[in-house]
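With compact mmCIF, C-alpha atoms inside, this is start-v9.txt:
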# COMPACT_ATOMS: atom_id res chain seq x y z
CA MET A 1 -35.64 -47.56 -76.92
CA SER A 2 -34.90 -43.94 -76.13
CA LYS A 3 -31.69 -42.25 -77.14
CA ARG A 4 -30.80 -41.51 -73.49
CA PHE A 5 -31.17 -45.22 -72.48
CA SER A 6 -29.12 -46.26 -75.48
CA GLU A 7 -26.26 -43.91 -74.50
CA ARG A 8 -26.40 -45.15 -70.88
CA SER A 9 -26.19 -48.77 -72.02
CA GLY A 10 -23.25 -47.99 -74.27
CA ALA A 11 -21.37 -46.30 -71.43
CA GLY A 12 -21.91 -49.30 -69.17
CA ALA A 13 -20.64 -51.69 -71.83
CA SER A 14 -17.51 -49.63 -72.36
CA GLN A 15 -16.82 -49.66 -68.64
CA LEU A 16 -17.14 -53.44 -68.58
CA LYS A 17 -14.72 -53.70 -71.45
CA ARG A 18 -12.18 -51.54 -69.65
CA ALA A 19 -12.30 -53.63 -66.47
CA LYS A 20 -8.91 -55.25 -65.91
CA ARG A 21 -7.31 -57.56 -63.41
CA TYR A 22 -4.03 -56.37 -62.00
CA GLN A 23 -1.08 -58.50 -61.03
CA GLN A 24 2.17 -57.76 -59.27
CA MET A 25 5.10 -57.20 -61.60
CA ARG A 26 7.25 -59.88 -59.96
CA ASP A 27 4.51 -62.44 -60.60
CA ARG A 28 4.21 -61.38 -64.22
CA LEU A 29 7.95 -61.72 -64.76
CA ARG A 30 8.27 -64.96 -62.82
CA LYS A 31 9.84 -67.74 -64.88
CA PRO A 32 7.74 -70.81 -65.68
CA GLN A 33 8.04 -73.48 -63.02
CA ASN A 34 9.40 -76.08 -65.45
CA SER A 35 11.79 -73.83 -67.37
CA PHE A 36 15.10 -75.27 -68.56
CA ASP A 37 17.73 -73.20 -66.75
CA ILE A 38 20.73 -75.55 -67.00
CA SER A 39 23.63 -73.82 -68.73
CA PRO A 40 27.33 -74.45 -69.42
CA GLY A 41 29.71 -73.67 -66.59
CA MET A 42 27.52 -75.09 -63.85
CA LYS A 43 28.46 -78.02 -61.68
CA GLY A 44 26.38 -80.24 -59.49
CA PHE A 45 24.74 -83.64 -59.63
CA PHE A 46 22.85 -85.56 -62.30
CA ALA A 47 20.37 -88.06 -60.88
CA THR A 48 17.74 -90.53 -62.02
CA CYS A 49 14.47 -91.00 -60.18
CA THR A 50 11.04 -92.60 -60.26
CA ARG A 51 8.72 -91.27 -62.97
CA GLY A 52 6.41 -88.57 -61.69
CA ARG A 53 8.44 -88.07 -58.49
CA GLU A 54 11.02 -85.63 -59.82
CA LYS A 55 10.31 -82.89 -57.26
CA LYS A 56 10.17 -85.28 -54.33
CA SER A 57 13.39 -86.85 -55.51
CA ALA A 58 15.02 -83.43 -55.75
CA LEU A 59 13.96 -82.54 -52.20
CA GLU A 60 15.26 -85.75 -50.66
CA THR A 61 18.48 -85.54 -52.69
CA ILE A 62 19.07 -81.97 -51.53
CA ASP A 63 18.49 -83.05 -47.93
CA LEU A 64 21.04 -85.82 -48.41
CA LEU A 65 23.58 -83.49 -50.00
CA GLU A 66 23.13 -80.78 -47.38
CA ASP A 67 23.59 -83.31 -44.57
CA TYR A 68 26.87 -84.67 -45.91
CA ALA A 69 28.09 -81.29 -47.14
CA GLY A 70 27.79 -80.03 -43.57
CA LYS A 71 30.09 -82.85 -42.48
CA LEU A 72 32.56 -82.54 -45.35
CA TYR A 73 32.60 -78.73 -45.48
CA PRO A 74 31.95 -77.58 -41.90
CA GLY A 75 31.48 -73.86 -41.55
CA LEU A 76 31.00 -73.21 -45.27
CA GLU A 77 27.55 -71.65 -44.85
CA ASP A 78 28.85 -69.41 -42.07
CA GLU A 79 31.67 -68.24 -44.31
CA LEU A 80 29.26 -67.44 -47.13
CA ARG A 81 26.96 -65.60 -44.74
CA ALA A 82 29.90 -63.58 -43.38
CA GLU A 83 30.93 -62.67 -46.91
CA GLY A 84 27.40 -61.51 -47.64
CA GLU A 85 27.07 -63.78 -50.62
CA GLU A 86 23.57 -64.56 -51.86
CA VAL A 87 23.18 -68.23 -52.54
CA PRO A 88 20.11 -69.31 -54.58
CA ASN A 89 17.28 -71.04 -52.77
CA SER A 90 17.29 -74.83 -52.90
CA GLY A 91 13.63 -75.35 -53.73
CA ALA A 92 11.67 -74.57 -56.86
CA GLU A 93 9.54 -71.44 -56.82
CA GLY A 94 5.90 -72.02 -56.17
CA PRO A 95 3.03 -70.90 -58.41
CA ALA A 96 1.94 -67.27 -58.37
CA SER A 97 -0.79 -66.40 -55.89
CA ASN A 98 -4.19 -65.13 -56.90
CA VAL A 99 -4.84 -61.42 -57.21
CA GLY A 100 -5.78 -59.94 -53.86
CA ASP A 101 -4.46 -62.86 -51.83
CA ILE A 102 -2.64 -60.61 -49.38
CA GLU A 103 -2.02 -63.26 -46.76
CA ALA A 104 -0.31 -65.54 -49.28
CA ASP A 105 1.84 -62.64 -50.52
CA ILE A 106 2.93 -61.79 -46.97
CA ALA A 107 3.73 -65.42 -46.18
CA ARG A 108 5.76 -65.73 -49.37
CA GLU A 109 7.72 -62.54 -48.66
CA LEU A 110 8.52 -63.75 -45.15
CA ALA A 111 9.69 -67.08 -46.55
CA GLU A 112 11.91 -65.27 -49.08
CA MET A 113 13.40 -63.10 -46.34
CA LYS A 114 14.10 -66.16 -44.21
CA SER A 115 15.70 -68.07 -47.10
CA ALA A 116 17.83 -65.06 -48.02
CA SER A 117 19.34 -64.99 -44.53
CA THR A 118 20.25 -68.70 -44.70
CA PRO A 119 22.66 -69.59 -47.53
CA LYS A 120 21.65 -72.56 -49.67
CA LEU A 121 24.38 -74.65 -51.24
CA PHE A 122 22.16 -76.65 -53.60
CA ARG A 123 19.41 -75.80 -56.03
CA TYR A 124 17.06 -78.00 -58.04
CA LEU A 125 16.95 -77.25 -61.78
CA PRO A 126 14.33 -79.19 -63.79
CA THR A 127 15.59 -81.03 -66.85
CA THR A 128 12.04 -81.13 -68.32
CA ILE A 129 12.71 -84.86 -68.88
CA GLU A 130 10.91 -87.59 -66.98
CA CYS A 131 13.01 -89.52 -64.44
CA LEU A 132 15.97 -87.12 -64.65
CA ILE A 133 16.87 -84.28 -62.29
CA TYR A 134 19.79 -81.86 -61.98
CA ILE A 135 20.98 -80.37 -58.68
CA LYS A 136 23.22 -77.34 -58.99
CA CYS A 137 25.81 -76.88 -56.24
CA HIS A 138 27.91 -73.98 -55.04
CA ARG A 139 31.22 -73.42 -56.76
CA ARG A 140 33.18 -74.24 -53.57
CA ILE A 141 31.80 -77.77 -53.46
CA ASP A 142 33.49 -80.58 -55.36
CA PRO A 143 30.72 -82.92 -56.65
CA GLU A 144 33.09 -85.86 -57.11
CA GLN A 145 34.49 -85.52 -53.60
CA LEU A 146 31.03 -85.21 -52.05
CA VAL A 147 29.64 -88.25 -53.90
CA ARG A 148 32.68 -90.28 -52.85
CA PHE A 149 32.14 -89.20 -49.24
CA ILE A 150 28.41 -90.03 -49.34
CA PHE A 151 28.81 -93.53 -50.75
CA ALA A 152 31.71 -94.32 -48.42
CA ASP A 153 29.53 -93.50 -45.42
CA ILE A 154 26.36 -95.17 -46.74
CA THR A 155 28.27 -98.34 -47.56
CA LYS A 156 29.60 -98.39 -43.99
CA THR A 157 26.35 -97.56 -42.18
CA ARG A 158 24.11 -99.40 -44.68
CA GLN A 159 21.28 -96.93 -44.13
CA ARG A 160 18.98 -96.20 -47.05
CA ARG A 161 18.53 -92.43 -47.23
CA THR A 162 16.41 -91.96 -50.35
CA ARG A 163 13.12 -93.34 -51.60
CA PHE A 164 12.71 -91.97 -55.12
CA THR A 165 16.30 -91.23 -56.21
CA GLY A 166 18.29 -93.85 -58.12
CA ARG A 167 21.71 -93.05 -59.53
CA LEU A 168 23.55 -90.00 -58.18
CA ILE A 169 26.25 -88.95 -60.66
CA PRO A 170 28.68 -86.09 -60.03
CA ALA A 171 28.57 -83.40 -62.69
CA LYS A 172 31.91 -81.70 -62.25
CA VAL A 173 31.62 -80.11 -65.68
CA THR A 174 28.42 -79.09 -67.43
CA THR A 175 28.80 -78.16 -71.07
CA THR A 176 26.95 -78.24 -74.37
CA SER A 177 26.35 -81.44 -76.31
CA LYS A 178 28.88 -80.55 -79.02
CA ILE A 179 31.75 -82.97 -79.62
CA ASP A 180 34.46 -80.34 -79.13
CA ALA A 181 32.89 -79.19 -75.86
CA ILE A 182 32.55 -82.76 -74.57
CA VAL A 183 36.19 -83.58 -75.36
CA LYS A 184 37.35 -80.37 -73.72
CA GLY A 185 35.23 -81.04 -70.65
CA SER A 186 36.45 -84.63 -70.41
CA LYS A 187 40.04 -83.43 -70.55
CA GLU A 188 39.34 -81.03 -67.70
CA VAL A 189 37.65 -83.68 -65.55
CA ALA A 190 40.40 -86.27 -66.20
CA ARG A 191 43.21 -83.76 -65.68
CA ASP A 192 44.93 -85.86 -63.00
CA LEU A 193 44.87 -88.99 -65.18
CA LEU A 194 46.39 -87.06 -68.08
CA ALA A 195 49.22 -85.54 -66.05
CA ASP A 196 52.79 -86.46 -66.96
CA ASP A 197 53.39 -88.07 -63.57
CA ALA A 198 50.10 -89.99 -63.53
CA VAL A 199 50.39 -93.63 -62.45
CA PRO A 200 49.09 -96.07 -65.12
CA THR A 201 45.71 -97.48 -64.17
CA THR A 202 42.50 -98.82 -65.72
CA PHE A 203 39.58 -96.78 -66.99
CA ALA A 204 36.18 -97.14 -68.63
CA LEU A 205 33.69 -94.84 -70.30
CA VAL A 206 29.95 -94.66 -69.67
CA VAL A 207 28.14 -92.61 -72.31
CA ASN A 208 24.37 -92.14 -72.17
CA ILE A 209 22.51 -89.97 -74.65
CA ARG A 210 18.89 -88.93 -74.13
CA TYR A 211 16.67 -86.69 -76.24
CA CYS A 212 19.53 -85.55 -78.44
CA ASP A 213 19.57 -86.54 -82.10
CA ASP A 214 22.57 -84.42 -83.05
CA ILE A 215 25.17 -86.69 -81.46
CA LYS A 216 25.79 -90.44 -81.23
CA ARG A 217 27.81 -92.62 -78.89
CA ASP A 218 30.14 -93.47 -81.74
CA ASP A 219 30.95 -89.77 -82.03
CA VAL A 220 31.82 -89.37 -78.34
CA ILE A 221 33.70 -92.53 -77.37
CA PRO A 222 36.66 -92.58 -79.85
CA PRO A 223 38.10 -89.09 -79.16
CA VAL A 224 37.65 -89.34 -75.38
CA ALA A 225 39.05 -92.88 -75.18
CA ALA A 226 42.00 -91.93 -77.37
CA MET A 227 43.35 -89.34 -74.97
CA LEU A 228 43.07 -91.72 -71.98
CA ASP A 229 44.34 -94.78 -73.81
CA VAL A 230 47.83 -93.29 -74.11
CA LYS A 231 48.78 -94.10 -70.51
CA HIS A 232 45.96 -96.24 -69.18
CA LYS A 233 44.29 -99.51 -70.07
CA VAL A 234 40.62 -100.10 -70.80
CA ASP A 235 38.78 -102.36 -68.35
CA LEU A 236 35.01 -102.47 -68.77
CA LYS A 237 34.31 -104.69 -65.75
CA ASN A 238 36.61 -103.58 -62.94
CA ALA A 239 37.99 -100.21 -63.97
CA LYS A 240 39.57 -98.10 -61.27
CA TYR A 241 38.23 -94.89 -62.80
CA THR A 242 35.10 -94.43 -64.88
CA LEU A 243 34.35 -91.30 -66.86
CA VAL A 244 30.56 -90.84 -66.88
CA ILE A 245 29.22 -88.69 -69.71
CA GLU A 246 25.49 -87.91 -69.63
CA VAL A 247 24.06 -86.12 -72.66
CA PHE A 248 20.48 -84.83 -72.46
CA LYS A 249 18.91 -82.42 -74.90
CA SER A 250 21.49 -79.70 -75.65
CA MET A 251 23.53 -80.19 -72.46
CA CYS A 252 26.13 -82.67 -71.20
CA THR A 253 27.43 -83.45 -67.71
CA ILE A 254 30.80 -85.12 -67.10
CA GLY A 255 32.15 -86.68 -63.92
CA LEU A 256 34.97 -89.03 -62.90
CA VAL A 257 34.01 -91.83 -60.50
CA GLU A 258 36.33 -94.19 -58.66
CA ASP A 259 35.23 -97.85 -58.30
CA TYR A 260 32.07 -97.19 -60.27
CA ASN A 261 31.00 -100.82 -60.70
CA ALA A 262 31.91 -101.74 -57.12
CA LEU A 263 29.50 -99.04 -55.92
CA ARG A 264 26.70 -100.48 -58.05
CA ARG A 265 27.04 -97.67 -60.57
CA LEU A 266 26.23 -95.13 -57.85
CA ASN A 267 22.66 -96.41 -57.54
CA LEU A 268 21.27 -95.60 -54.11
CA GLN A 269 18.46 -98.14 -54.51
CA THR A 270 20.52 -101.21 -55.45
CA LEU A 271 23.60 -100.42 -53.36
CA PHE A 272 22.58 -102.87 -50.62
CA ASP A 273 21.32 -105.66 -52.87
CA GLU A 274 23.13 -108.96 -52.75
CA PRO A 275 25.36 -109.59 -55.80
CA ASN A 276 23.65 -112.87 -56.73
CA ALA A 277 20.12 -111.90 -55.73
CA LYS A 278 17.41 -111.98 -58.35
CA LYS A 279 16.48 -108.59 -59.69
CA PRO A 280 13.01 -107.56 -58.42
CA LEU A 281 10.28 -106.64 -60.83
CA GLN A 282 10.45 -102.99 -61.81
CA PRO A 283 7.59 -100.99 -60.27
CA GLU A 284 5.24 -99.12 -62.52
CA GLY A 285 6.59 -95.70 -63.42
CA ALA A 286 10.17 -96.49 -62.44
CA PHE A 287 13.07 -95.22 -64.51
CA GLN A 288 13.86 -97.39 -67.51
CA ASP A 289 17.28 -98.13 -68.91
CA ASP A 290 18.18 -95.65 -71.60
CA THR A 291 18.87 -98.49 -74.04
CA THR A 292 15.09 -98.99 -74.31
CA SER A 293 14.27 -95.32 -74.61
CA PRO A 294 13.07 -94.26 -78.06
CA LYS A 295 15.17 -91.11 -77.79
CA SER A 296 18.44 -92.76 -76.75
CA SER A 297 21.11 -93.84 -79.17
CA SER A 298 22.08 -97.45 -79.79
CA SER A 299 25.01 -99.19 -78.15
CA SER A 300 28.47 -99.25 -79.63
CA PRO A 301 31.20 -101.93 -79.70
CA LEU A 302 33.85 -99.28 -78.99
CA PRO A 303 35.43 -99.13 -75.49
CA SER A 304 32.67 -98.13 -73.11
CA ALA A 305 31.07 -99.54 -70.02
CA GLN A 306 27.73 -101.20 -70.51
CA ASP A 307 24.69 -98.93 -70.20
CA GLU A 308 23.54 -98.98 -66.60
CA ASP A 309 20.13 -99.84 -65.29
CA ALA A 310 18.97 -97.11 -62.97
CA SER A 311 16.08 -98.96 -61.52
Structure re-expressed in C-alpha cells:
Amino acid sequence: MSKRFSERSGAGASQLKRAKRYQQMRDRLRKPQNSFDISPGMKGFFATCTRGREKKSALETIDLLEDYAGKLYPGLEDELRAEGEEVPNSGAEGPASNVGDIEADIARELAEMKSASTPKLFRYLPTTIECLIYIKCHRRIDPEQLVRFIFADITKTRQRRTRFTGRLIPAKVTTTSKIDAIVKGSKEVARDLLADDAVPTTFALVVNIRYCDDIKRDDVIPPVAAMLDVKHKVDLKNAKYTLVIEVFKSMCTIGLVEDYNALRRLNLQTLFDEPNAKKPLQPEGAFQDDTTSPKSSSSSPLPSAQDEDAS
C-alpha cells in the first residue's frame, strides 16, 4: 500500500469519527417522560386506576375535572387569560422527535402555541407507581370542594364518567412523608374542625402507605387522632368527616372528605353498585388493595378507618 493511499484512508476515517448527529437544545434538556415532579406545596387530586392505564386514566380524570370546574368556577379561565398568567399544560409531554423531522417540529410548536393561549387548570404528574396518578390543580381551585361537587352531581345523575379511574381523593395539602410535616398538614386541612367554635362531630382516619419504608401507620395515626379527639368522637363506620392521608414514596397527600363511606370511599367504579350485591371478580391488572401490596405497611388497631379497596 502506497504512502499516499494510506494518508487518504486515514483522513477518511478521521472524518467518519468526527461525524455527529445534532439535536435541538430544548429536546436535549427535556425532562424524562416519567420523571417524579411532585413536590411539597402542591395541591390537586390523588387517584387510583387500572394497572397499565395510568395515562388514559389521567386524561379521562382531567376531562372530568375540567368539565365540573367549568361549572363550579365559571369564568376562571377567562380571568387567568386576562391576567396573562401561564398555566401549565394538562397533558404529559410527548417524546422528542427525530433529527430532521421538520414537520413534526412545526406541528409541535403550533400545538404549544395553541396550548399557551388556552389556560389549563389541571396537569398530570406521574407518580412512577403502578395504579396511582396525581393531578395537580391551579391554586384557585379547592380540591375538596370540587370533589364534593362532582360526587354530588354523579350520585344524582347516576352517569358513569370514567373507565379506568377508581378512587378520586382530594389532595388539599401535599407535603413530605415526615411525621412532623404530616401532622402540620393534617392540622391545616382540619382547621375548621379544630376551631374553638367547631361543633362536636364524628371523624375517622384513613392512612395508606405505599413504597415508603421510613414511616409506619402506627407513627401517623396517634398524633393526628390526638388533636382531633379533643372535641370530636371516633366513628370508623359512619363518620361525618374522614381525614384521608396517602403516603407514597417521599410524599404525602392529605384531604378531608365528608360522608366518605356513604360515597363508597370516593370510588367512581363502585359508586353505583348495590350495597348487598356480590363483589365482581377483579379484572386482570386492576388496582389491588394496599393491604396486599408488598410495599405497604400492616394494619393497626389504633383509630383508623379500614383500608379501602380501590377496585
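Picture a line from CA of Thr128 (chain A) to CA of Ala58 (chain A); it runs 13.1 Å.
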Practice task
Would you mind reading off the distance between CA of Cys252 (chain A) and CA of Phe122 (chain A), one decimal, in Å?
Solution key: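 If I compute the distance from CA of Cys252 (chain A) to CA of Phe122 (chain A), I get 19.0 Å.
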Exercise for the section: Considering only C-alpha atoms, return as a ChimeraX atom specification whatever protein or nucleic-acid residues lie within 10 Å of Leu266 (chain A), sequence-local ones (same chain, fewer than 6 positions apart) excluded. Expected result: /A:47,147-148,151,166-170,257,259-260,308,310
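In this structure, CA of Thr176 (chain A) sits 21.5 Å away from CA of Ile141 (chain A).
Nearest residue to Val244 (chain A) among A:Arg123, A:Lys71, A:Lys172, A:Arg158 is A:Lys172, counting all atoms listed in the file.
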Practice task
Using all atoms listed in the file, determine which residues lie at most 10 Å from Thr127 (chain A), disregarding the query and same-chain residues fewer than 5 positions distant; provide the list as a PyMOL selection string.
Solution key: chain A and resi 34-38+46+54+132-135+248-249+251
Would you write out those residues with C-alpha atoms, as a PDB file, in the frame of the given file?
ATOM      1  CA  ASN A  34       9.400 -76.080 -65.450  1.00  0.00           C
ATOM      2  CA  SER A  35      11.790 -73.830 -67.370  1.00  0.00           C
ATOM      3  CA  PHE A  36      15.100 -75.270 -68.560  1.00  0.00           C
ATOM      4  CA  ASP A  37      17.730 -73.200 -66.750  1.00  0.00           C
ATOM      5  CA  ILE A  38      20.730 -75.550 -67.000  1.00  0.00           C
ATOM      6  CA  PHE A  46      22.850 -85.560 -62.300  1.00  0.00           C
ATOM      7  CA  GLU A  54      11.020 -85.630 -59.820  1.00  0.00           C
ATOM      8  CA  LEU A 132      15.970 -87.120 -64.650  1.00  0.00           C
ATOM      9  CA  ILE A 133      16.870 -84.280 -62.290  1.00  0.00           C
ATOM     10  CA  TYR A 134      19.790 -81.860 -61.980  1.00  0.00           C
ATOM     11  CA  ILE A 135      20.980 -80.370 -58.680  1.00  0.00           C
ATOM     12  CA  PHE A 248      20.480 -84.830 -72.460  1.00  0.00           C
ATOM     13  CA  LYS A 249      18.910 -82.420 -74.900  1.00  0.00           C
ATOM     14  CA  MET A 251      23.530 -80.190 -72.460  1.00  0.00           C
TER      15      MET A 251
END
Practice task
Give me the residues within 7 Å of Val224 (chain A) as a PyMOL selection string, counting all atoms listed in the file and dropping any in the same chain fewer than 4 places off.
Solution key: chain A and resi 183+186+220+228
Exercise for the section: Neighbourhood query: residues within 7 Å of (27.0, -78.6, -64.5), file coordinates, counting all atoms listed in the file; return as a PyMOL selection string. Expected result: chain A and resi 40-44+136+171-175+253
Handout entry: Shortest interatomic distance to Thr50 (chain A) - which of A:Leu125, A:Cys131, A:Val207, A:Ile62, counting only C-alpha atoms
Key =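 Looking only at the distances to Thr50 (chain A), the closest residue turns out to be A:Cys131.
With only C-alpha atoms as the atoms that count, the minimum distance from Gly52 (chain A) to the choices A:Ile106, A:Ala69, A:Phe164, A:Ile182 is reached by A:Phe164.
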Problem - Pick from A:Lys216, A:Tyr68, A:Tyr241, A:Ile254 nearest to Ile154 (chain A), counting all atoms listed in the file - result: A:Tyr68
